[in-house]
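All remarks here apply to the structure that follows.
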Amino acid sequence: EDGSRLWLRQSTDAHAQITTPRQSPTLNIAVRELKQAWKGLPVTLVLKKDKQLSSEGFRIRQVNGKLTVTSPSETGLLYAAYHLIRLQEMQNFGKPSETDQEITENPAYDLRILNHWDNLDRSIERGYAGKSLWNWEELPGTLSDRYEAYARANASIGINATVLNNVNASSKILSAEYLEKVKALADIFRPYGIKVYLSINFASPMQLGGLSTADPLDKDVIAWWKQKAKEIYRTIPDFGGFLVKANSEGQPGPCDFNRTHAEGANMLADALKPYKGIVMWRAFVYSPTDADRAKQAYLEFQPLDGQFRDNVIVQIKNGPVDFQPREPYSPLFGAMPRTPQMVEFQITQEYLGFSNHLAYLAPMWEEFFDFVKPSSLKAIAGVANIGTDTNWCGHPFAQANWYAFGRMAWNPSLTSGTIAEEWLKQTFFDASNPKHAPIAYEIHNMMMESREAVVDYMMPLGLHHLFAWGHHYGPEPWCDVPGARPDWMPSYYHKADKQGIGFDRSHTGSNATAQYPDSLCRLYDDIRTCPDEYLLWFHHAPWQHTMQSGRTLWDELCYRYDHGVQQVRSFQKKWDLAENYIDAERFKDVQSRLKIQARDAVWWKDACLLYFQEFSGMRAPYEVERPIHELDDLKQVKLPIDNHECPTPKMLNERR
Ligand code: BDP
């Protein structure tokens, strides 16, 4: 067992009768999947328009011992096939004994897209599961089997689009040579209902086209993009469009030519418009000069509301800073009523322990949807955690995050708990085996608590960005790199001093609270009402501040860090319960990663508490586990990793 089959592990001893309206690449896949796996009633696939079904929606009806599956599209029928198989693995549909049932499913968003941060040299920015799947050197001549397996896995959870390359984009991706390679992938993905998109470099007309400018209002630049769009669509007729990171972290953009983000986005949107292509324009911008990084995307984009073409979607990270273990939602959501917006989640665990830590992320995304109504968004994107590792994602449980992203993009009102249950039953446990149920229950609990545990042992109570300078894996709250950008330094975020800790974003500080709707603004702005989990995000609170628990802030901080550590220890025990119920390979893999996580949790706790104690001058409460490290030793820890590597246990043990 090597984990390569993901959640698609159903046995292949099926025998049901499947009827299809015609042969086609997509329908052939649907029939093949059902013939291989479906053990229930005979299934008839029907292509039919239906007022209640969107183009990719489907309906499944059980009448007189037969299932009729209808959809206006072939892709909808394919999704229905995967849905049936999923329900079968969950043991709750399609058994002949059950009475008549009907299921209607419509995806919440037309665009459910993965963002790969894959470079053309096959390294992956913030990727911790091997190299990029896309073997650019061998494409288009040699086609890896994994391309189709990738498409199948995505289709099985409803993902229908993919951006192949890093947002820090090389202009080479738009060269004729690379477009042929992209086409080869698009051809493989198409029958699975997946469209290809590309990240573009805004300076491509200069870097690739030899123009002297990339000014979006320059007529040669406009003509260059029009011509490029024509070439792309000649090669890939159903090409989806562009994803753009502009004027962010050193990337070129319209502001280099004194134009706005809207002017830049619109120029590209006009070039793609004749072909129904779209532009996803990222709002991830912040400059070193302004006071509070958390305010900047809003300040820059909110005034542009109403200025974007209708085929532009502004893509916004869930939080206002950068994919931290916990952030409040970005106040830009809802602040641009005349502009389509989409959320960007990070599936890859850049700030949650890479692929060493078990962190089920769906509860974090669910938390986002507590604040941002799913219906207010146009689409949903996730930064992929997929690579050439045999099990695709590095950590066996990181597969659950890919799975959950797809399921939530299809239906954001599914709970994280339901999705975890679905995934566990398909990936590890047998829903028909009563002995599995109590174990699955424990492992389910572990998943559900895992993200909060990371928050606790890394950055509880609203703390954020305490990461080491060279990587985003371990703690370095003391980090001080002379001459470096202040907003890349942990002290910019925690602001610990003798009085207290936290970033004052209330009206007495940066006033970021004012970017939120009134009721939330009031709640967050007042230190007495601000929820504990955001306290140090919005306030510089005194060490003696009384928390909701009645404890002082310092004591609460100690308890939270300690709780995170204890949680990981409890995960280790829970996981051991699974030993006799699942295969030894995946069992051992998870078990050894939990060991790393347990040591890392202590590392985080000791580093942060010992360091912050120098400011608070207070003692840790009696019950809290004592440090096992010296602060000075921890300050010496340097991991020799860059932004596309996961530290190995050996490396960690030698360094810590
Ligand atoms: C940050 C990553 C960086 C990305 C950037 C982005 O550290 O590698 O390029 O976000 O989203 O989280 O553009």
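Simple scheme: letters A, B, ... for chains in structure tokens order, numbers from 1 for residues in each chain, numbers from 1 for ligands in the order shown.
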Taking the chain letters and numbering used in this document, name the residues of range 40-175 of chain A that DSSP puts in strand (DSSP E), as number ranges by chain. A: 43-47, 58-63, 66-71, 102-105, 111-115, 161-163
Write out as a Markdown table a residue-level contact list of chain A versus ligand 1 with cut-off 7 Å: for each qualifying residue the closest pair of atoms and the distance in Å to one decimal, counting only C-alpha atoms and all ligand atoms, rows sorted by chain and residue number upward.
```
| residue | atom | partner | partner_atom_place_in_ligand_line | distance |
| --- | --- | --- | --- | --- |
| A:Glu125 | CA | ligand 1 | 8 (O) | 5.8 |
| A:Arg126 | CA | ligand 1 | 8 (O) | 6.1 |
| A:Val167 | CA | ligand 1 | 13 (O) | 6.2 |
| A:Asn168 | CA | ligand 1 | 9 (O) | 6.1 |
| A:Lys245 | CA | ligand 1 | 13 (O) | 6.6 |
| A:Phe284 | CA | ligand 1 | 13 (O) | 6.6 |
| A:Asp322 | CA | ligand 1 | 12 (O) | 5.4 |
| A:Phe323 | CA | ligand 1 | 12 (O) | 6.4 |
```
Could the residues in this selection be saved with C-alpha atoms as a PDB file, in the first residue's frame?
```pdb
ATOM      1  CA  GLU A 125       7.000  27.133  -4.427  1.00  0.00           C
ATOM      2  CA  ARG A 126       5.739  26.098  -0.982  1.00  0.00           C
ATOM      3  CA  VAL A 167       1.820  33.001  -9.682  1.00  0.00           C
ATOM      4  CA  ASN A 168       5.425  34.174  -9.637  1.00  0.00           C
ATOM      5  CA  LYS A 245       0.002  38.375  -9.459  1.00  0.00           C
ATOM      6  CA  PHE A 284      -2.406  40.004  -2.494  1.00  0.00           C
ATOM      7  CA  ASP A 322      -1.045  35.574   4.458  1.00  0.00           C
ATOM      8  CA  PHE A 323      -2.495  32.118   5.113  1.00  0.00           C
TER       9      PHE A 323
END
```
Pick from A:Gly394, A:Gly277, A:Pro21, A:Gly500, whichever lies nearest to Ala229 in chain A using only C-alpha atoms: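 Once distances to Ala229 in chain A are computed over only C-alpha atoms, the minimum belongs to A:Gly277.
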Choose the residue, out of A:Asn401, A:Gln566, A:Gln544, A:Gln62, that has the smallest atom-to-atom separation from Glu102 in chain A; count only C-alpha atoms. A:Gln62
Taking 5 positions as the minimum chain separation for residues in the same chain, which residues sit within 6 Å of His116 in chain A when counting only C-alpha atoms? Answer as a PyMOL selection string. chain A and resi 163-166+383-384
The selected residues should be written to file as a tab-separated table (two decimals), in the first residue's frame (atoms: N, CA and C atoms).
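Generated output (again_28.tsv):
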```
chain	number	residue	atom	x	y	z
A	163	VAL	N	-4.82	25.95	-12.65
A	163	VAL	CA	-3.76	26.86	-13.11
A	163	VAL	C	-2.46	26.09	-12.98
A	164	LEU	N	-1.77	25.88	-14.09
A	164	LEU	CA	-0.65	24.94	-14.07
A	164	LEU	C	0.61	25.49	-13.43
A	165	ASN	N	0.79	26.80	-13.46
A	165	ASN	CA	2.11	27.34	-13.07
A	165	ASN	C	2.02	28.41	-11.99
A	166	ASN	N	3.17	28.65	-11.38
A	166	ASN	CA	3.31	29.55	-10.24
A	166	ASN	C	2.83	30.96	-10.55
A	383	VAL	N	-4.65	26.70	-3.37
A	383	VAL	CA	-3.24	26.50	-3.75
A	383	VAL	C	-2.90	25.03	-3.48
A	384	ALA	N	-2.57	24.32	-4.53
A	384	ALA	CA	-2.49	22.86	-4.47
A	384	ALA	C	-1.34	22.36	-3.59
```
Would you mind writing down, as a PDB file with N, CA and C atoms, in the first residue's frame, each residue of range 467-502 of chain A that DSSP on the backbone assigns to helix (DSSP H, G or I)?
```pdb
ATOM      1  N   PRO A 486      10.710  45.519   7.463  1.00  0.00           N
ATOM      2  CA  PRO A 486      10.128  45.312   8.802  1.00  0.00           C
ATOM      3  C   PRO A 486       8.915  44.376   8.769  1.00  0.00           C
ATOM      4  N   ASP A 487       8.113  44.451   7.705  1.00  0.00           N
ATOM      5  CA  ASP A 487       6.903  43.617   7.692  1.00  0.00           C
ATOM      6  C   ASP A 487       7.203  42.169   7.308  1.00  0.00           C
ATOM      7  N   TRP A 488       8.477  41.820   7.183  1.00  0.00           N
ATOM      8  CA  TRP A 488       8.845  40.417   7.028  1.00  0.00           C
ATOM      9  C   TRP A 488       9.461  39.880   8.310  1.00  0.00           C
ATOM     10  N   PRO A 490       9.040  38.896  12.454  1.00  0.00           N
ATOM     11  CA  PRO A 490       8.019  38.540  13.447  1.00  0.00           C
ATOM     12  C   PRO A 490       7.683  39.670  14.423  1.00  0.00           C
ATOM     13  N   SER A 491       8.697  40.450  14.804  1.00  0.00           N
ATOM     14  CA  SER A 491       8.429  41.498  15.809  1.00  0.00           C
ATOM     15  C   SER A 491       7.439  42.545  15.292  1.00  0.00           C
ATOM     16  N   TYR A 492       7.377  42.691  13.970  1.00  0.00           N
ATOM     17  CA  TYR A 492       6.388  43.597  13.379  1.00  0.00           C
ATOM     18  C   TYR A 492       4.972  43.153  13.767  1.00  0.00           C
ATOM     19  N   TYR A 493       4.811  41.850  13.912  1.00  0.00           N
ATOM     20  CA  TYR A 493       3.468  41.294  14.162  1.00  0.00           C
ATOM     21  C   TYR A 493       3.163  41.082  15.639  1.00  0.00           C
ATOM     22  N   HIS A 494       4.185  40.650  16.430  1.00  0.00           N
ATOM     23  CA  HIS A 494       3.827  40.349  17.835  1.00  0.00           C
ATOM     24  C   HIS A 494       4.035  41.551  18.764  1.00  0.00           C
TER      25      HIS A 494
END
```
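Non-sequential neighbours of Ile628 in chain A (distance at most 12 Å, separation of 4 or more positions within a chain, only C-alpha atoms) are Arg599, Ala601, Val602, Trp603, Trp604, Lys605, Asp606, Ala607, Leu609, Leu610, Asp633, Leu634 and Arg656 of chain A.
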Find the residues near range 346-359 of chain A: any atom within 6 Å, counting only C-alpha atoms, skip ones fewer than 6 places away on the same chain, and give them as a PDB file with C-alpha atoms, in the first residue's frame.
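out_10.pdb, written as the output of this step:
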```
ATOM      1  CA  ARG A 126       5.739  26.098  -0.982  1.00  0.00           C
ATOM      2  CA  TYR A 128       6.233  19.744   0.128  1.00  0.00           C
ATOM      3  CA  GLN A 324      -1.620  32.102   8.818  1.00  0.00           C
ATOM      4  CA  GLY A 382      -7.039  26.480  -3.654  1.00  0.00           C
ATOM      5  CA  VAL A 383      -3.243  26.495  -3.751  1.00  0.00           C
ATOM      6  CA  ALA A 384      -2.486  22.856  -4.474  1.00  0.00           C
ATOM      7  CA  ASN A 385      -0.497  20.508  -2.232  1.00  0.00           C
ATOM      8  CA  GLY A 394       3.439  13.933   1.276  1.00  0.00           C
ATOM      9  CA  HIS A 395       1.461  13.401   4.462  1.00  0.00           C
ATOM     10  CA  SER A 450      -5.921  19.066  14.380  1.00  0.00           C
ATOM     11  CA  ARG A 451      -5.973  22.582  12.947  1.00  0.00           C
ATOM     12  CA  HIS A 472       7.969  29.102   7.288  1.00  0.00           C
ATOM     13  CA  TYR A 473       8.428  25.915   9.261  1.00  0.00           C
ATOM     14  CA  ARG A 593       5.142  12.011  11.075  1.00  0.00           C
ATOM     15  CA  GLN A 597       4.924  16.896  14.926  1.00  0.00           C
TER      16      GLN A 597
END
```
Neighbouring residues of Gln572 in chain A were defined as those with any atom within 8 Å, considering only C-alpha atoms; residues of the same chain fewer than 4 positions away were excluded. Please report them as a VMD selection string. chain A and resid 568 576 591 594 to 595
Residue contacts of Gln341 in chain A (10 Å, only C-alpha atoms) excluding same-chain residues fewer than 2 positions away, as an NGL selection string: :A and (280-283 or 312-316 or 332-339 or 343-344 or 376-380)
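When only C-alpha atoms are used to measure the gap to Phe429 in chain A, the shortest distance among A:Trp7, A:Trp225, A:Tyr524, A:Trp134 belongs to A:Trp7.
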Between CA of Thr427 in chain A and CA of Leu111 in chain A, what distance in Å does the model show, to one decimal?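 Here the two named atoms are 26.1 Å from each other.
Each of A:Gln636, A:Ser212, A:Asn201, A:Thr75 was compared to Glu476 in chain A using only C-alpha atoms, and A:Gln636 turns out to be the nearest.
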